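File shown here: structure.txt, holding compact mmCIF, C-alpha atoms.
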# COMPACT_ATOMS: atom_id res chain seq x y z
CA MET A 1 55.07 43.74 92.02
CA GLN A 2 53.61 42.27 95.21
CA SER A 3 56.15 39.43 95.26
CA SER A 4 59.10 41.80 94.72
CA LYS A 5 57.90 44.01 97.59
CA ALA A 6 57.49 40.98 99.83
CA ALA A 7 61.03 39.82 99.02
CA GLU A 8 62.32 43.32 99.77
CA VAL A 9 60.57 43.34 103.14
CA VAL A 10 62.02 39.92 104.04
CA ALA A 11 65.53 41.08 103.11
CA LEU A 12 65.51 44.49 104.80
CA GLU A 13 62.84 44.32 107.51
CA TYR A 14 63.59 40.98 109.21
CA THR A 15 64.58 42.57 112.53
CA THR A 16 61.64 44.99 112.51
CA VAL A 17 59.30 42.26 113.79
CA LYS A 18 61.85 39.75 115.10
CA VAL A 19 63.29 42.02 117.81
CA PRO A 20 60.00 42.85 119.61
CA TYR A 21 58.94 39.21 119.21
CA GLU A 22 62.11 38.03 120.97
CA VAL A 23 61.57 40.56 123.78
CA LEU A 24 57.93 39.42 124.07
CA ASN A 25 59.09 35.80 124.26
CA LYS A 26 61.55 36.74 127.02
CA LYS A 27 58.91 38.67 128.99
CA PHE A 28 56.48 35.75 128.66
CA ARG A 29 59.00 33.26 130.04
CA GLN A 30 59.91 35.58 132.92
CA ALA A 31 56.22 36.14 133.73
CA GLN A 32 55.57 32.40 133.62
CA LYS A 33 58.33 31.77 136.18
CA ILE A 34 57.04 34.56 138.44
CA ILE A 35 53.43 33.35 138.27
CA ASP A 36 54.38 29.70 138.89
CA ARG A 37 56.45 30.70 141.92
CA GLU A 38 53.72 32.97 143.34
CA ILE A 39 50.99 30.34 142.86
CA SER A 40 53.17 27.73 144.56
CA GLN A 41 53.64 30.08 147.55
CA LEU A 42 49.91 30.83 147.70
CA ASN A 43 49.06 27.12 147.64
CA ASN A 44 51.54 26.49 150.43
CA GLN A 45 50.02 29.33 152.44
CA ILE A 46 46.51 27.89 151.91
CA THR A 47 47.74 24.49 153.07
CA ASN A 48 49.29 26.02 156.19
CA ILE A 49 46.05 27.88 156.99
CA GLN A 50 44.03 24.69 156.61
CA ARG A 51 46.35 22.92 159.04
CA LEU A 52 45.76 25.45 161.80
CA PRO A 53 44.00 23.77 164.75
CA SER A 54 41.08 26.19 165.15
CA PRO A 55 38.79 28.32 162.96
CA GLU A 56 39.80 31.39 164.98
CA LEU A 57 43.48 30.97 164.07
CA GLN A 58 42.48 30.42 160.46
CA ARG A 59 40.50 33.68 160.43
CA GLN A 60 43.47 35.52 161.92
CA ALA A 61 45.71 34.24 159.11
CA LEU A 62 43.34 35.40 156.36
CA PRO A 63 44.39 39.12 156.27
CA ALA A 64 48.01 38.17 155.56
CA PHE A 65 46.79 35.81 152.84
CA ARG A 66 44.64 38.58 151.31
CA GLU A 67 47.69 40.90 151.20
CA LYS A 68 49.69 38.16 149.53
CA LEU A 69 46.89 37.58 147.02
CA ALA A 70 46.60 41.31 146.27
CA ALA A 71 50.34 41.52 145.68
CA PHE A 72 50.08 38.54 143.33
CA ARG A 73 47.26 40.20 141.37
CA LYS A 74 49.35 43.37 141.02
CA ARG A 75 52.40 41.48 139.76
CA TYR A 76 50.22 39.48 137.39
CA ALA A 77 48.70 42.69 136.00
CA ASP A 78 52.20 44.20 135.54
CA CYS A 79 53.38 41.11 133.65
CA LEU A 80 50.27 41.14 131.51
CA SER A 81 50.69 44.84 130.76
CA LYS A 82 54.31 44.38 129.63
CA GLU A 83 53.41 41.43 127.42
CA GLY A 84 50.50 43.36 125.94
CA GLY A 85 52.77 46.30 125.17
CA TYR A 86 55.22 44.19 123.15
CA ALA A 87 52.42 42.22 121.50
CA GLY A 88 50.91 45.53 120.42
CA LYS A 89 54.28 46.63 119.10
CA CYS A 90 54.56 43.45 117.02
CA LEU A 91 51.07 44.03 115.62
CA HIS A 92 51.82 47.67 114.82
CA ARG A 93 54.99 46.73 112.95
CA LEU A 94 53.21 44.04 110.96
CA GLN A 95 50.63 46.63 109.96
CA HIS A 96 53.44 49.02 109.07
CA LEU A 97 55.00 46.43 106.73
CA ALA A 98 51.59 45.59 105.25
CA GLU A 99 51.14 49.25 104.29
CA TYR A 100 54.11 48.96 101.95
CA THR A 101 53.29 45.61 100.38
CA ASN A 102 49.62 46.48 99.81
CA THR A 103 49.77 50.13 98.71
CA PRO A 104 49.44 50.79 94.94
CA ASP A 105 49.93 54.55 95.39
CA PRO A 106 53.47 55.72 94.41
CA LYS A 107 53.21 58.76 96.72
CA GLN A 108 52.34 56.62 99.74
CA GLU A 109 55.14 54.24 98.80
CA ALA A 110 57.62 57.13 98.71
CA ILE A 111 56.46 58.31 102.15
CA TRP A 112 56.86 54.77 103.53
CA LYS A 113 60.38 54.46 102.08
CA LYS A 114 61.34 57.82 103.61
CA LYS A 115 60.21 56.49 107.01
CA ARG A 116 62.30 53.35 106.47
CA LEU A 117 65.34 55.48 105.64
CA ASP A 118 64.80 57.42 108.88
CA LYS A 119 64.64 54.13 110.79
CA ILE A 120 67.86 52.91 109.16
CA LEU A 121 69.64 56.13 110.13
CA VAL A 122 68.39 55.90 113.74
CA ASP A 123 69.65 52.30 113.90
CA TYR A 124 73.07 53.46 112.67
CA PHE A 125 73.24 56.27 115.25
CA LEU A 126 72.29 53.91 118.09
CA ARG A 127 74.87 51.32 117.07
CA ASN A 128 77.59 53.99 117.01
CA SER A 129 76.67 55.51 120.39
CA TYR A 130 75.06 58.72 119.06
CA TYR A 131 72.20 58.18 121.48
CA ASP A 132 71.07 61.79 121.91
CA THR A 133 70.97 62.33 118.16
CA ALA A 134 69.00 59.12 117.65
CA LEU A 135 66.49 59.90 120.39
CA ASP A 136 65.95 63.46 119.11
CA MET A 137 65.41 62.09 115.62
CA VAL A 138 62.92 59.48 116.85
CA LYS A 139 60.96 62.08 118.82
CA SER A 140 60.85 64.65 116.02
CA LEU A 141 59.84 62.12 113.34
CA GLY A 142 57.38 60.20 115.53
CA ILE A 143 58.77 56.75 114.69
CA GLN A 144 58.94 55.39 118.27
CA ASP A 145 56.90 52.31 117.36
CA ILE A 146 59.24 51.04 114.63
CA VAL A 147 62.67 51.51 116.24
CA ASP A 148 64.25 49.55 119.12
CA THR A 149 65.64 52.36 121.26
CA GLU A 150 64.96 50.51 124.55
CA LEU A 151 67.21 47.62 123.54
CA PHE A 152 70.14 49.90 122.73
CA ILE A 153 69.65 52.17 125.75
CA SER A 154 69.66 49.23 128.18
CA GLY A 155 72.73 47.89 126.37
CA ARG A 156 74.41 51.28 126.71
CA ASP A 157 74.07 51.19 130.50
CA ILE A 158 75.73 47.76 130.65
CA GLU A 159 78.51 48.85 128.30
CA LYS A 160 79.17 51.93 130.44
CA SER A 161 79.41 49.81 133.57
CA LEU A 162 81.90 47.45 131.88
CA ALA A 163 83.97 50.42 130.69
CA ALA A 164 84.03 51.55 134.34
CA HIS A 165 85.35 48.07 135.33
CA ASN A 166 82.05 46.97 136.91
CA VAL A 167 80.60 43.60 135.90
CA GLN A 168 77.48 43.48 138.10
CA LEU A 169 74.96 44.76 135.52
CA CYS A 170 76.36 42.47 132.85
CA LEU A 171 76.30 39.45 135.18
CA GLN A 172 72.67 40.23 136.00
CA TRP A 173 71.91 40.36 132.27
CA CYS A 174 73.65 36.99 131.82
CA HIS A 175 71.57 35.52 134.64
CA GLU A 176 68.33 36.73 133.02
CA ASN A 177 69.34 35.21 129.68
CA ARG A 178 71.32 32.20 130.93
CA SER A 179 69.31 29.50 129.17
CA ARG A 180 69.55 31.21 125.78
CA LEU A 181 73.24 32.02 126.22
CA LYS A 182 73.88 28.38 127.10
CA LYS A 183 72.17 27.25 123.90
CA THR A 184 74.49 29.47 121.84
CA ARG A 185 77.53 28.27 123.88
CA SER A 186 78.37 31.84 124.80
CA THR A 187 81.49 32.37 126.94
CA LEU A 188 80.49 35.87 128.09
CA GLU A 189 79.62 34.93 131.67
CA PHE A 190 82.80 32.84 132.01
CA ASN A 191 84.91 35.74 130.73
CA LEU A 192 83.23 38.15 133.17
CA HIS A 193 84.04 35.87 136.11
CA THR A 194 87.55 35.42 134.72
CA GLN A 195 88.02 39.19 134.76
CA CYS A 196 86.85 39.35 138.38
CA PHE A 197 89.38 36.62 139.20
CA ILE A 198 92.13 38.61 137.45
CA GLU A 199 91.22 41.80 139.33
CA LYS A 200 91.56 39.96 142.67
CA ILE A 201 95.05 38.79 141.65
CA ARG A 202 95.89 42.35 140.60
CA ALA A 203 94.83 43.46 144.10
CA LYS A 204 97.04 40.65 145.58
CA ASP A 205 93.98 38.94 147.09
CA TYR A 206 95.17 35.46 146.15
CA LEU A 207 93.00 33.57 148.65
CA GLY A 208 89.94 35.53 147.50
CA ALA A 209 90.85 34.75 143.89
CA ILE A 210 91.04 31.01 144.60
CA GLN A 211 87.70 31.03 146.44
CA TYR A 212 86.10 33.03 143.61
CA ALA A 213 87.40 30.55 141.02
CA GLN A 214 86.08 27.60 143.03
CA ARG A 215 82.65 29.21 143.21
CA TYR A 216 82.19 30.61 139.71
CA LEU A 217 84.82 29.24 137.30
CA VAL A 218 85.03 25.53 138.07
CA GLU A 219 81.43 24.93 136.99
CA SER A 220 82.38 26.10 133.47
CA GLU A 221 85.31 23.69 133.22
CA GLY A 222 83.64 21.43 130.65
CA MET A 223 83.06 24.24 128.16
CA CYS A 224 86.18 26.34 128.79
CA LYS A 225 88.72 23.87 130.20
CA GLU A 226 91.75 25.25 128.36
CA LYS A 227 90.86 28.85 129.20
CA LEU A 228 90.35 27.90 132.83
CA GLN A 229 93.77 26.28 132.99
CA GLU A 230 95.41 29.37 131.47
CA THR A 231 93.55 31.59 133.91
CA MET A 232 94.57 29.62 137.01
CA VAL A 233 98.24 29.84 136.00
CA LEU A 234 97.96 33.62 136.59
CA LEU A 235 98.31 32.88 140.32
CA ALA A 236 101.99 32.25 139.61
CA PHE A 237 102.54 35.54 137.74
CA LYS A 238 102.58 39.19 138.65
CA PRO A 239 100.50 41.76 136.71
CA THR A 240 103.80 43.26 135.49
CA THR A 241 104.91 40.01 133.82
CA GLU A 242 106.53 40.26 130.39
CA CYS A 243 105.39 36.80 129.33
CA SER A 244 103.25 37.69 126.32
CA LYS A 245 100.62 34.99 126.87
CA TYR A 246 99.82 36.09 130.42
CA LYS A 247 100.58 39.76 129.90
CA ALA A 248 97.61 39.83 127.53
CA LEU A 249 95.35 38.40 130.27
CA PHE A 250 96.41 41.17 132.67
CA SER A 251 95.93 43.85 130.02
CA GLU A 252 93.33 46.58 130.58
CA ASP A 253 92.25 46.04 126.96
CA ARG A 254 90.26 43.01 128.14
CA TRP A 255 87.57 45.39 129.41
CA GLU A 256 87.04 46.71 125.90
CA GLU A 257 86.91 43.11 124.65
CA LEU A 258 84.17 42.38 127.20
CA VAL A 259 82.18 45.37 125.93
CA LEU A 260 82.43 44.08 122.36
CA GLU A 261 81.55 40.52 123.42
CA PHE A 262 78.49 41.70 125.34
CA ARG A 263 77.36 43.80 122.37
CA ALA A 264 77.72 40.82 120.02
CA SER A 265 75.83 38.54 122.43
CA ASN A 266 73.06 41.10 122.87
CA TYR A 267 72.67 41.47 119.10
CA HIS A 268 72.69 37.71 118.61
CA LEU A 269 70.06 37.04 121.27
CA HIS A 270 67.69 39.58 119.70
CA HIS A 271 68.49 38.53 116.11
CA LEU A 272 70.09 41.85 115.22
CA HIS A 273 72.68 41.83 112.46
CA SER A 274 76.27 42.46 113.47
CA GLU A 275 76.46 45.37 111.01
CA SER A 276 73.99 48.20 110.67
CA LEU A 277 71.41 48.02 107.90
CA LEU A 278 72.79 51.31 106.55
CA SER A 279 76.19 49.70 106.04
CA THR A 280 74.65 46.60 104.42
CA VAL A 281 72.44 48.57 102.02
CA LEU A 282 75.23 50.98 101.12
CA GLN A 283 77.70 48.18 100.41
CA SER A 284 75.15 46.28 98.30
CA GLY A 285 74.36 49.36 96.25
CA LEU A 286 78.00 50.31 95.70
CA SER A 287 78.99 46.77 94.73
CA ALA A 288 76.10 46.59 92.24
CA ILE A 289 77.39 49.60 90.25
CA LYS A 290 81.14 49.28 90.87
CA THR A 291 83.19 48.67 87.71
CA HIS A 292 86.89 48.69 86.86
CA GLN A 293 86.42 52.05 85.17
CA CYS A 294 85.61 53.57 88.57
CA TYR A 295 89.31 53.15 89.46
CA SER A 296 90.81 54.17 86.13
CA SER A 297 91.71 57.58 84.74
CA GLU A 298 88.48 57.59 82.71
CA LYS A 299 86.03 58.20 85.56
CA SER A 300 82.46 59.36 85.01
CA GLY A 301 81.15 62.42 86.79
CA ASP A 302 77.66 60.91 86.95
CA CYS A 303 78.75 57.63 88.57
CA PRO A 304 78.52 57.65 92.42
CA VAL A 305 81.39 55.19 92.81
CA CYS A 306 83.68 57.28 90.61
CA ASN A 307 83.45 60.16 93.08
CA GLU A 308 84.65 60.57 96.64
CA PRO A 309 83.95 59.59 99.36
CA LEU A 310 82.06 56.61 97.90
CA ASN A 311 85.06 55.69 95.73
CA SER A 312 87.16 55.02 98.85
CA LEU A 313 84.31 53.26 100.65
CA ALA A 314 83.81 50.89 97.73
CA THR A 315 87.51 49.94 97.44
CA PRO A 316 87.28 46.64 99.43
CA LEU A 317 83.97 45.61 97.79
CA PRO A 318 83.72 43.20 94.84
CA PHE A 319 83.04 44.49 91.33
CA SER A 320 79.55 44.13 89.90
CA HIS A 321 78.79 41.02 87.87
CA CYS A 322 77.30 42.20 84.57
CA THR A 323 75.96 39.56 82.21
CA GLN A 324 74.92 42.22 79.69
CA SER A 325 76.80 45.45 78.98
CA ARG A 326 75.36 48.70 77.71
CA LEU A 327 77.19 51.54 76.00
CA ILE A 328 76.27 54.96 77.42
CA CYS A 329 77.07 58.23 75.70
CA ARG A 330 79.36 60.32 77.90
CA ILE A 331 77.79 63.57 76.62
CA SER A 332 74.06 62.88 76.76
CA GLY A 333 73.94 59.92 79.17
CA LYS A 334 71.68 58.04 76.75
CA PRO A 335 72.25 54.40 75.71
CA MET A 336 74.10 53.91 72.41
CA ASN A 337 72.21 51.41 70.24
CA GLU A 338 70.67 51.09 66.77
CA HIS A 339 68.70 54.29 67.37
CA ASN A 340 71.69 56.22 68.70
CA ALA A 341 74.69 54.69 66.93
CA PRO A 342 78.12 54.91 68.62
CA MET A 343 80.44 57.23 66.64
CA MET A 344 84.22 57.25 67.03
CA LEU A 345 86.20 60.47 66.55
CA PRO A 346 89.73 60.42 65.05
CA ASN A 347 91.23 60.58 68.57
CA GLY A 348 89.56 57.25 69.45
CA ASN A 349 86.84 58.54 71.81
CA VAL A 350 83.30 57.27 71.20
CA TYR A 351 80.05 59.22 71.66
CA GLY A 352 76.41 58.83 70.64
CA GLU A 353 75.30 60.00 67.21
CA GLU A 354 72.48 62.11 68.67
CA ALA A 355 74.84 64.09 70.92
CA LEU A 356 77.32 64.73 68.09
CA THR A 357 74.57 65.82 65.70
CA GLU A 358 73.14 68.18 68.31
CA MET A 359 76.61 69.59 69.03
CA MET A 360 77.23 70.11 65.31
CA ALA A 361 73.89 71.93 64.91
CA THR A 362 74.67 74.20 67.88
CA ASP A 363 78.39 74.95 67.45
CA GLY A 364 78.97 74.09 63.80
CA ILE A 365 81.88 71.87 64.82
CA LEU A 366 82.53 68.89 67.12
CA THR A 367 84.54 69.45 70.29
CA CYS A 368 85.68 66.35 72.15
CA PRO A 369 84.78 66.92 75.86
CA ARG A 370 87.79 64.88 77.01
CA THR A 371 90.58 66.41 74.93
CA ASN A 372 88.94 69.63 73.62
CA GLU A 373 90.08 68.66 70.10
CA LYS A 374 87.85 69.88 67.26
CA PHE A 375 86.59 67.76 64.35
CA TRP A 376 84.00 67.79 61.57
CA LEU A 377 81.07 65.39 61.66
CA ASP A 378 82.22 63.56 58.51
CA GLN A 379 85.46 62.67 60.34
CA ALA A 380 83.49 60.47 62.79
CA TYR A 381 83.10 56.78 62.00
CA LYS A 382 80.19 54.56 63.04
CA VAL A 383 81.26 51.76 65.42
CA TYR A 384 79.73 48.27 65.14
CA VAL A 385 79.71 46.04 68.24
CA MET A 386 79.65 42.28 67.62
Entire entry expressed as structure tokens:
Amino acid sequence: MQSSKAAEVVALEYTTVKVPYEVLNKKFRQAQKIIDREISQLNNQITNIQRLPSPELQRQALPAFREKLAAFRKRYADCLSKEGGYAGKCLHRLQHLAEYTNTPDPKQEAIWKKKRLDKILVDYFLRNSYYDTALDMVKSLGIQDIVDTELFISGRDIEKSLAAHNVQLCLQWCHENRSRLKKTRSTLEFNLHTQCFIEKIRAKDYLGAIQYAQRYLVESEGMCKEKLQETMVLLAFKPTTECSKYKALFSEDRWEELVLEFRASNYHLHHLHSESLLSTVLQSGLSAIKTHQCYSSEKSGDCPVCNEPLNSLATPLPFSHCTQSRLICRISGKPMNEHNAPMMLPNGNVYGEEALTEMMATDGILTCPRTNEKFWLDQAYKVYVM
């Protein structure tokens, strides 16, 4: 039981700890750069004070040094506080996962699973831009510590700025994550600068476009040489060109493509799956119970896939792989086996012996639920499955 729970946690809760860990790692690296820079400046200031020709001048320089040191202490405390917050969040989530794997109480397990379902729904709402609904749900359920609202809210602001044809916030985000984006060979920053280049051409600022390309695009030549060549050719075309290859580059749809590319890069950097967990779990469950009968005329009212809207949602999914089949009585829902033998009526429909016997005792006659035809019990034949 413990091993199955652990496997379930690994499959479904990977991002629960991974996301705050990645943010903590990012904050640590940023703090390290800030502290190294501040210490270097303080050391330089100490050296300059020591080089002053007289003790009086050195004493006069001390107040400015104290202010600099106080500012450094404040920034250090802020960095430490942020790191501590995300470290605490990681610890809290580990404890949250341990509650599930270690609890033997079925009631506590049900409560934990309900909380996980709430988290999955909040994740779905955030991914689909239902931010107010998600935030209200988080506040009312008190699950702030196990959902990543900050990540999605900050991403929303950048997406809004891109939709408004403003790349500054997104370029700042790229600068903060440049080393990690470079490792993944992301082209997001190049595409943002390309769009700025295109907008200058659209505004007929050709000289400004050339200068912008020399400053920001040429340095990416090694990674995006072909794209750079295509982009520079735009100087010879007007935004109203009918040439399909370059008409696409002038298209306003590129802004929406930038939004989608930023979202994908943001998810990738924080190890979030491209699809919501709700979609993944739902597809897995539907595929596990989907059979060919779900799309035939003989659908079961008790099968989720046989009924809408799940029937339509499951259409593109693969059918379940069953190594062992079981016969289920359509009337009682019980398995048909040696204790409940399958019985075939003259019209060819098969039901369990228990259900037919119970129907005979109640009504005095057998009525087929599919065709409403009536038969006697001795007209039913026992079916043997090899």
Excluding stretch 349-355 of chain A and its own-chain neighbours fewer than 4 positions away, which residues fall within 12 Å of it when counting all atoms listed in the file? Please give them as a PDB file with C-alpha atoms, keeping the file's coordinate frame.
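Result file is result_36.pdb:
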ATOM      1  CA  GLU A 298      88.480  57.590  82.710  1.00  0.00           C
ATOM      2  CA  LEU A 327      77.190  51.540  76.000  1.00  0.00           C
ATOM      3  CA  ILE A 328      76.270  54.960  77.420  1.00  0.00           C
ATOM      4  CA  CYS A 329      77.070  58.230  75.700  1.00  0.00           C
ATOM      5  CA  ARG A 330      79.360  60.320  77.900  1.00  0.00           C
ATOM      6  CA  ILE A 331      77.790  63.570  76.620  1.00  0.00           C
ATOM      7  CA  SER A 332      74.060  62.880  76.760  1.00  0.00           C
ATOM      8  CA  GLY A 333      73.940  59.920  79.170  1.00  0.00           C
ATOM      9  CA  LYS A 334      71.680  58.040  76.750  1.00  0.00           C
ATOM     10  CA  PRO A 335      72.250  54.400  75.710  1.00  0.00           C
ATOM     11  CA  MET A 336      74.100  53.910  72.410  1.00  0.00           C
ATOM     12  CA  ASN A 337      72.210  51.410  70.240  1.00  0.00           C
ATOM     13  CA  GLU A 338      70.670  51.090  66.770  1.00  0.00           C
ATOM     14  CA  HIS A 339      68.700  54.290  67.370  1.00  0.00           C
ATOM     15  CA  ASN A 340      71.690  56.220  68.700  1.00  0.00           C
ATOM     16  CA  ALA A 341      74.690  54.690  66.930  1.00  0.00           C
ATOM     17  CA  PRO A 342      78.120  54.910  68.620  1.00  0.00           C
ATOM     18  CA  MET A 343      80.440  57.230  66.640  1.00  0.00           C
ATOM     19  CA  MET A 344      84.220  57.250  67.030  1.00  0.00           C
ATOM     20  CA  LEU A 345      86.200  60.470  66.550  1.00  0.00           C
ATOM     21  CA  MET A 359      76.610  69.590  69.030  1.00  0.00           C
ATOM     22  CA  MET A 360      77.230  70.110  65.310  1.00  0.00           C
ATOM     23  CA  ALA A 361      73.890  71.930  64.910  1.00  0.00           C
ATOM     24  CA  THR A 362      74.670  74.200  67.880  1.00  0.00           C
ATOM     25  CA  ASP A 363      78.390  74.950  67.450  1.00  0.00           C
ATOM     26  CA  LEU A 366      82.530  68.890  67.120  1.00  0.00           C
ATOM     27  CA  THR A 367      84.540  69.450  70.290  1.00  0.00           C
ATOM     28  CA  CYS A 368      85.680  66.350  72.150  1.00  0.00           C
ATOM     29  CA  PRO A 369      84.780  66.920  75.860  1.00  0.00           C
ATOM     30  CA  ARG A 370      87.790  64.880  77.010  1.00  0.00           C
ATOM     31  CA  THR A 371      90.580  66.410  74.930  1.00  0.00           C
ATOM     32  CA  ASN A 372      88.940  69.630  73.620  1.00  0.00           C
ATOM     33  CA  GLU A 373      90.080  68.660  70.100  1.00  0.00           C
ATOM     34  CA  PHE A 375      86.590  67.760  64.350  1.00  0.00           C
ATOM     35  CA  LEU A 377      81.070  65.390  61.660  1.00  0.00           C
ATOM     36  CA  ASP A 378      82.220  63.560  58.510  1.00  0.00           C
ATOM     37  CA  ALA A 380      83.490  60.470  62.790  1.00  0.00           C
ATOM     38  CA  TYR A 381      83.100  56.780  62.000  1.00  0.00           C
ATOM     39  CA  LYS A 382      80.190  54.560  63.040  1.00  0.00           C
ATOM     40  CA  VAL A 383      81.260  51.760  65.420  1.00  0.00           C
ATOM     41  CA  TYR A 384      79.730  48.270  65.140  1.00  0.00           C
TER      42      TYR A 384
END
From the options A:Ser186, A:Ser251, A:Thr315, A:Ser300, which residue's atoms come nearest to A:Cys224, counting all atoms listed in the file? A:Ser186
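In this model, the gap between atom CA of A:Thr280 and atom CA of A:Leu12 comes to 9.4 Å.
Near A:Arg156, within 12 Å and counting only C-alpha atoms, sit Leu126, Arg127, Asn128, Ser129, Tyr130, Tyr131, Thr149, Glu150, Leu162, Ala163, Leu169, Cys170, Val259, Leu260, Phe262, Arg263 and Asn266 of chain A, not including residues fewer than 6 positions from it in the same chain.
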Nearest to A:Leu94 by atom-to-atom distance, counting all atoms listed in the file, from A:Gln379, A:Ser244, A:Asn307, A:Thr15: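 Ranked by minimum distance to A:Leu94, first place goes to A:Thr15.
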Applying 7 Å and all atoms listed in the file, which residues near stretch 235-239 of chain A remain after dropping the ones on its own chain fewer than 4 positions away? List them as a PyMOL selection string. chain A and resi 201-202+250
Residues near A:Val138, anyone? I mean within 9 Å using all atoms listed in the file, not counting same-chain ones fewer than 6 positions away, as a list in words. Asp118, Lys119, Val122, Gln144, Val147 and Thr149 of chain A
Shell of 8 Å around stretch 63-77 of chain A, all atoms listed in the file, local chain residues under 5 positions omitted, as a PyMOL selection string: chain A and resi 31+35+38+42+45-46
Closest to A:Gln95 among A:Val17, A:Glu226, A:Glu22, A:Ser179, using all atoms listed in the file? A:Val17
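Atom pair atom CA of A:Phe197 / atom CA of A:Tyr212: separated by 6.6 Å.
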Calculated over all atoms listed in the file, which of the candidates A:Leu277, A:Tyr267, A:Ala87, A:Ile143 has the smallest distance to A:Lys114? A:Ile143
With distances taken over all atoms listed in the file, which of A:Tyr295, A:Ile198, A:Gln229, A:Phe319 is nearest to A:Lys247?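 Smallest distance to A:Lys247 is found for A:Ile198.
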